[in-house]
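A.B. asks: To start, I am sharing the structure in question, which I have written as structure tokens.
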Amino acid sequence: MNRLRQLGLSLKLATAGGRSAWTRLVLVATGFAIGSALLLAAASIAPGVHALDERRDIDATIGVNPNATNALRVWRLPQSFGDLDVSTSVVAPIGRGIVPPGLPRVPGPGDIFASERLVSMWPTLGPAIEHRLDGHLAGTIGRDGVIGPDSLTIWEGKPKSAPLERPGSYRTTSFGSPASATPLDVGWIVMIVVVASTILLPIWLFVGTVTRLSAATREARLAAVRLAGATQRQVRFFAATEAGVAAALGTWLGIPLFLLIRPALAAGPIGGLHMYPTDLAPPLAIAIVFLVGLPALAIGMALASLRRVVVSPLGVSRGAKRSHAGWRWVIVLGFGIAVLTWSASKHRDLKAYGDVATFVLVGGSLAAICFGLIGTATWSAWAIAHKMAASVRTVPAMLGFRRLDADPGSVSRVVGGVALIIALLGIVNSGLISAERSEGPPHLWGVGPMLGENDVGVERGTHRGGLATLPGVRSVTWTHKIPYGRESPPVGIVATDGSATTVEAIRDKLAWSKAEVHTLPEFWAQARAVNDDYTSFRRAALAITFFLLLVSAATMLVAMVDWLMERRRSLAVLSAVGVSNSTVRRSILVQVALPLVTSLAFGVGGALLITWLLYTAVETPVVFATGQLAGLVVAVCAIVLGITALSTPWLRIARNPELLREA
Amino acid sequence: MSEPPNGSAAEQTVGPLLEAEDLSKHFGSTVALDGLSLRISGGEVVAVLGPSGSGKSTLLLCLAGVLLPDAGDVRYRGRSLVAVSDTVRTRLRRDEFGFVFQFGQLVPELTAADNVSLPLRLAGLRRGDAVGRAKEFLASLGVEEVANKRAGEMSGGQAQRVAVARALVTRPRVIFADEPTGSLDSTNGELVMELLVSTARRQASTVVIVTHEPQVAAYADREIVVRDGRLAHDAALV
């Protein structure tokens, strides 16, 4: 039989199981689609940040040649309109001049070129800008002339009326080119992908679980194919095709899914950076590795799982008994904890060993703890089930524990993943809280602490005249002394009537003075920005954790439903002999609760222990993220009840007494 | 092992133990039972025979209150199984009936002792007592060596004897057996039937066996033949 015909037959066999076969294919494809989309997103982070860096470099890098005949004189003038700060550059050509990045030409006197974001706000903001800068909107700055989509930037040709002088300006002969930016570091991309793959562990577990769906039915089908004359090799080909096609379909569907989520990713969740969606483009080589590698991985997994079973015409037999030697992970975990404890106890002396040795010690022990945590949590869930199955008194508990003991498989695999993500969330959040606290509470600086409720602060101005005569201005005070006993260039404290019109009038008056003019609420907003960043990071970490918990819950639900469907005849028999629905439902509760509670215990325990040891070792104040961990405890309890409730409809189907009539 | 079934002899009702009246049951356009009526007395061993698709298994499941008929009624000790709630039927099956099926009846994750003790534990017996009694039953059926093995670790004959033990361990008033030897060779089949019927007789349990094998029917006191969902033949076996 040639390969093409075998392929066709494989696909027919893969979909021959009716609705359950299609469900399985769809779930496998969905899992791979989510996985590949998130991996593509992870691989695009570094190029996205790099693109931002490139544009920042273009903006910041200038060439200076005093003898050049064609150059551009540039005045950088910070401007504020309401609570928006607009980066404003006023230019005047020397000779023919040079064209600023993103502009079609050198702006003529009063020509204003604004960034896309600013142009979109022009109907409301435009008149104020044109009035203050004595110009008119002449065009939009192209994407290579702004750092990101939220940039508020203006290039203006120097109006004849502008009282600007050569001091305080600079003369440039060129702006930076892409070549001036730091080259893209492939190692960084690989590291991000490795970290992302680890964090995506629950998704790979989901994929692993759905690839094993209806295993008994599929193996029986393969045995029937063997009986019909297929060789062992052909059976392996059928199994590989079935897994590979669904995985390839899902992986490639990950491309449109990635394109769909890309605008949301570009809008700030990656470290608060605002990028153009097109900035988030994974390198082609890495994308190809994913698109080919993931289906190959699925085929490898399918073939590896077949190595443990012998498919013969008479049925399927398992080659080896499941090993429960997971206790070895306790040694790995213990080793990691021991090394980290030693590092923590010697934290004052660690610096003497040098950065590399410290990194190896702390990083190595952390890796050992992570792997040990996954293995130990998984093994413990089985060991508890094994122990409890022999001693438990109630029937629902006996059914639940016996099932976990006999078939730890899919449900227990979730344990390690959930334990790890809970532990990681705890550690990361503790670090963020610690760093945030070391920043201290938001505080004002510069002229800020000297302002009253209706005062306006003026910093870095080159001239200061005429403010006192403005309507709404009550007094103007200039001083060199700012809080904390420091001296500074003169700063102004302008007492006003508190109206926005007065504030804008002050800014208009100082438009060409390079002064920064802000109200007290604006100073507070700047002060809070640093703490807001930490809060955003913490929220993002929590959101990722909840998403991964939901994926883990989906894995358990799929595994549970699969168990109910594969066991439907024996469940129907239980129904006939008088085992009530509530008994089986409570046994499901046990099957869900034990693995999740075990993972929760290891996750929370791991988070607290590692936080304490790690931050002591690296001499960072230890703070426990108790609030987030408590939130996770509630979430896990909700998941346990949710899965039990969601599996009820399938339980009813599985216990249908009509199944007893089937031969 | 020779105790009477659940409840004392004084509680025995006068008249038939099980009574089916004008039973009809359809599955889509297929007619499984078509106005079938039947009475079974306490202590009787009844064999229900008939060709494939004749409605034998449906009759058994309706008599046991597992399936509800579309029309007609089933009465156990004078009480309608159709009129009572599912919870009552479930409790009745657990406390008064025992079941033996052709295959897939043991919970795969449980050991033989756990499987047999399951109905006792559901009835409220303490774990230790239930497992002890289950092991006694397994020993009486000659399969004590598989007490700590799971279903997948037993032979077909051993699994079926464990299933018989589970059906009999509560000393039910009625035992329903659907093709109990269908998956066994003749030697094991005879052994299982011998154990099932002799233990049931010792316990004074009523037995309803669905089969298409005359050798199995030979263990019964009475033979009923179902054809096209109707009673085609009903006679005592000598």
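Chain identifiers are assigned as A, B, and so on, following the order in which chains appear in the structure tokens; residues are numbered from 1 within each chain, and ligands are numbered from 1 in order of appearance.
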Dump as number ranges by chain the residues of chain A that approach chain B to within 10 Å, counting only C-alpha atoms.
C.D. replies: A: 389-396, 398-407, 567-581, 583, 656-658, 660-663
A.B. asks: Do a neighbour search on Ala200 (chain B) at 8 Å with only C-alpha atoms, toss out local chain neighbours closer than 6 positions, and write the hits as a count of residues only.
C.D. replies: 4
A.B. asks: Using only C-alpha atoms, which of B:Leu63, B:Met193, B:Ile224, B:Leu36 sits nearest Ala236 (chain B)?
C.D. replies: B:Ile224
A.B. asks: At a cut-off of 12 Å, using only C-alpha atoms, what residues contact Ser438 (chain A)? Leave out same-chain residues fewer than 2 positions from it and give the result as a ChimeraX atom specification.
C.D. replies: /A:431-436,440-442,530-531,534,620-623
A.B. asks: Would you save the residues from that selection as a short mmCIF file (atom, residue, chain, number, x, y, z; two decimals), in the first residue's frame, using all heavy atoms?
C.D. replies:
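Result went into selection23.cif, see below:
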data_model
loop_
_atom_site.label_atom_id
_atom_site.label_comp_id
_atom_site.auth_asym_id
_atom_site.auth_seq_id
_atom_site.Cartn_x
_atom_site.Cartn_y
_atom_site.Cartn_z
N GLY A 431 8.24 38.94 44.98
CA GLY A 431 9.33 39.77 44.50
C GLY A 431 8.84 41.16 44.11
O GLY A 431 9.47 42.17 44.42
N LEU A 432 7.69 41.19 43.41
CA LEU A 432 7.16 42.47 42.96
C LEU A 432 6.73 43.34 44.15
O LEU A 432 6.98 44.54 44.17
CB LEU A 432 5.97 42.24 42.02
CG LEU A 432 6.33 41.68 40.63
CD1 LEU A 432 5.08 41.26 39.88
CD2 LEU A 432 7.09 42.72 39.82
N ILE A 433 6.07 42.68 45.13
CA ILE A 433 5.64 43.45 46.31
C ILE A 433 6.86 43.99 47.04
O ILE A 433 6.91 45.14 47.47
CB ILE A 433 4.80 42.56 47.26
CG1 ILE A 433 3.49 42.16 46.58
CG2 ILE A 433 4.50 43.29 48.57
CD1 ILE A 433 2.70 41.11 47.35
N SER A 434 7.89 43.13 47.14
CA SER A 434 9.11 43.53 47.83
C SER A 434 9.75 44.74 47.13
O SER A 434 10.13 45.71 47.78
CB SER A 434 10.08 42.35 47.87
OG SER A 434 11.26 42.71 48.49
N ALA A 435 9.84 44.65 45.78
CA ALA A 435 10.46 45.74 45.03
C ALA A 435 9.62 47.01 45.16
O ALA A 435 10.16 48.12 45.30
CB ALA A 435 10.58 45.34 43.55
N GLU A 436 8.29 46.84 45.14
CA GLU A 436 7.40 47.99 45.24
C GLU A 436 7.58 48.68 46.61
O GLU A 436 7.63 49.90 46.70
CB GLU A 436 5.95 47.54 45.05
CG GLU A 436 4.97 48.69 44.98
CD GLU A 436 3.55 48.21 44.73
OE1 GLU A 436 3.35 47.00 44.51
OE2 GLU A 436 2.64 49.06 44.77
N GLY A 440 9.08 52.47 48.27
CA GLY A 440 8.37 53.30 49.24
C GLY A 440 7.05 53.77 48.65
O GLY A 440 6.77 53.53 47.47
N PRO A 441 6.25 54.46 49.45
CA PRO A 441 4.99 54.97 48.93
C PRO A 441 5.26 56.06 47.91
O PRO A 441 6.34 56.67 47.91
CB PRO A 441 4.29 55.50 50.18
CG PRO A 441 5.38 55.75 51.16
CD PRO A 441 6.48 54.80 50.85
N PRO A 442 4.31 56.32 46.99
CA PRO A 442 4.52 57.37 46.00
C PRO A 442 4.84 58.70 46.69
O PRO A 442 4.22 59.03 47.70
CB PRO A 442 3.16 57.46 45.28
CG PRO A 442 2.45 56.20 45.58
CD PRO A 442 2.99 55.72 46.90
N VAL A 530 5.30 54.75 38.91
CA VAL A 530 6.24 53.65 39.21
C VAL A 530 5.48 52.54 39.94
O VAL A 530 5.56 51.36 39.57
CB VAL A 530 7.40 54.17 40.09
CG1 VAL A 530 8.30 53.01 40.51
CG2 VAL A 530 8.19 55.21 39.34
N ASN A 531 4.70 52.90 40.96
CA ASN A 531 3.96 51.89 41.71
C ASN A 531 2.88 51.24 40.84
O ASN A 531 2.60 50.06 40.97
CB ASN A 531 3.32 52.53 42.95
CG ASN A 531 4.38 53.02 43.91
OD1 ASN A 531 5.15 53.92 43.57
ND2 ASN A 531 4.46 52.41 45.08
N TYR A 534 4.25 48.30 39.01
CA TYR A 534 4.32 47.07 39.80
C TYR A 534 2.94 46.42 39.91
O TYR A 534 2.79 45.20 39.81
CB TYR A 534 4.87 47.36 41.20
CG TYR A 534 6.35 47.62 41.21
CD1 TYR A 534 6.87 48.86 41.53
CD2 TYR A 534 7.23 46.59 40.87
CE1 TYR A 534 8.23 49.09 41.53
CE2 TYR A 534 8.60 46.82 40.86
CZ TYR A 534 9.10 48.07 41.19
OH TYR A 534 10.45 48.29 41.18
N THR A 620 17.15 40.37 49.47
CA THR A 620 16.00 41.23 49.15
C THR A 620 15.00 41.04 50.30
O THR A 620 14.83 39.92 50.77
CB THR A 620 15.36 40.76 47.81
OG1 THR A 620 16.35 40.87 46.80
CG2 THR A 620 14.15 41.61 47.45
N PRO A 621 14.36 42.14 50.74
CA PRO A 621 13.39 41.98 51.83
C PRO A 621 12.34 40.94 51.51
O PRO A 621 11.81 40.90 50.39
CB PRO A 621 12.77 43.38 51.94
CG PRO A 621 13.75 44.29 51.34
CD PRO A 621 14.49 43.52 50.29
N VAL A 622 12.07 40.05 52.47
CA VAL A 622 11.11 38.96 52.24
C VAL A 622 9.70 39.45 52.55
O VAL A 622 9.42 39.92 53.64
CB VAL A 622 11.44 37.75 53.13
CG1 VAL A 622 10.41 36.64 52.94
CG2 VAL A 622 12.83 37.23 52.82
N VAL A 623 8.84 39.37 51.53
CA VAL A 623 7.43 39.72 51.71
C VAL A 623 6.62 38.59 51.09
O VAL A 623 6.93 38.14 49.99
CB VAL A 623 7.09 41.04 50.99
CG1 VAL A 623 5.64 41.41 51.25
CG2 VAL A 623 8.00 42.15 51.43
#
A.B. asks: Could you pull out the strand (DSSP E) residues of region 452-618 of chain A, going by DSSP on the backbone, and write them as a ChimeraX atom specification?
C.D. replies: /A:455-459,473-482,486-496,516-519
A.B. asks: Can you list, as a list in words, every protein, DNA or RNA residue that comes within 10 Å of Val99 (chain A) when you count only C-alpha atoms, leaving out same-chain residues fewer than 4 positions away?
C.D. replies: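 Returned residues: Ala71, Leu72, Pro93, Leu103, Pro104, Arg105, Val106, Pro107, Thr173, Ser174 and Phe175 of chain A.
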A.B. asks: For N, CA, C and O atoms, I'd like the residues from the last selection saved as a CSV table (one decimal), in the first residue's frame.
C.D. replies:
chain,number,residue,atom,x,y,z
A,71,ALA,N,22.0,71.1,7.4
A,71,ALA,CA,21.7,70.6,8.7
A,71,ALA,C,20.4,71.1,9.2
A,71,ALA,O,19.6,71.8,8.5
A,72,LEU,N,20.1,70.7,10.4
A,72,LEU,CA,18.8,71.1,11.0
A,72,LEU,C,19.0,71.6,12.4
A,72,LEU,O,19.7,71.0,13.2
A,93,PRO,N,15.7,74.8,9.1
A,93,PRO,CA,16.8,74.3,8.3
A,93,PRO,C,18.0,75.2,8.2
A,93,PRO,O,17.8,76.4,8.3
A,103,LEU,N,9.0,62.1,8.4
A,103,LEU,CA,8.4,63.2,7.8
A,103,LEU,C,8.7,63.2,6.3
A,103,LEU,O,9.7,62.8,5.9
A,104,PRO,N,7.8,63.7,5.4
A,104,PRO,CA,8.0,63.7,4.0
A,104,PRO,C,9.0,64.8,3.6
A,104,PRO,O,9.6,64.8,2.5
A,105,ARG,N,9.1,65.9,4.4
A,105,ARG,CA,10.0,67.0,4.0
A,105,ARG,C,10.4,67.8,5.3
A,105,ARG,O,9.9,67.5,6.4
A,106,VAL,N,11.2,68.7,5.1
A,106,VAL,CA,11.5,69.6,6.2
A,106,VAL,C,10.3,70.5,6.4
A,106,VAL,O,9.8,71.1,5.5
A,107,PRO,N,9.8,70.6,7.7
A,107,PRO,CA,8.6,71.4,7.9
A,107,PRO,C,8.9,72.9,7.6
A,107,PRO,O,10.0,73.4,8.1
A,173,THR,N,23.1,66.9,11.7
A,173,THR,CA,23.3,66.6,10.3
A,173,THR,C,22.6,65.3,9.9
A,173,THR,O,22.5,65.0,8.7
A,174,SER,N,22.2,64.5,10.9
A,174,SER,CA,21.6,63.2,10.6
A,174,SER,C,20.9,62.7,11.8
A,174,SER,O,21.2,63.1,12.9
A,175,PHE,N,19.9,61.8,11.6
A,175,PHE,CA,19.2,61.1,12.7
A,175,PHE,C,19.7,59.7,12.7
A,175,PHE,O,20.1,59.2,11.6
A.B. asks: Taking into account only C-alpha atoms, which residue in the set A:Ala267, A:Leu564, A:Leu303, A:Ile422 is nearest to Val597 (chain A)?
C.D. replies: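 Smallest separation from Val597 (chain A) among the options: A:Ile422.
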A.B. asks: As a ChimeraX atom specification, please: the residues near region 520-527 of chain A (cut-off 7 Å, only C-alpha atoms, same-chain neighbours under 5 positions excluded).
C.D. replies: /A:83,442-444,448,451,453,455-456
A.B. asks: Could you jot down the CA of Leu424 (chain A) to CA of Gly606 (chain A) separation for me, Å, one decimal place?
C.D. replies: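 Computing it gives 8.6 Å between the two atoms.
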A.B. asks: Measure the distance from CA of Pro100 (chain A) to CA of Lys509 (chain A) in Å and round it to one decimal.
C.D. replies: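 About the pair CA of Pro100 (chain A) and CA of Lys509 (chain A): they are 27.2 Å apart.
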A.B. asks: Report, in Å with one decimal, the straight-line distance from CA of His50 (chain A) to CA of Leu201 (chain A).
C.D. replies: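 Going from CA of His50 (chain A) over to CA of Leu201 (chain A), I get 27.0 Å.
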A.B. asks: What residues in region 80-315 of chain A get the DSSP label helix (DSSP H, G or I)? Please answer as number ranges by chain.
C.D. replies: A: 116-120, 122-133, 143-145, 178-180, 186-199, 201-211, 215-227, 232-266, 277-279, 284-307
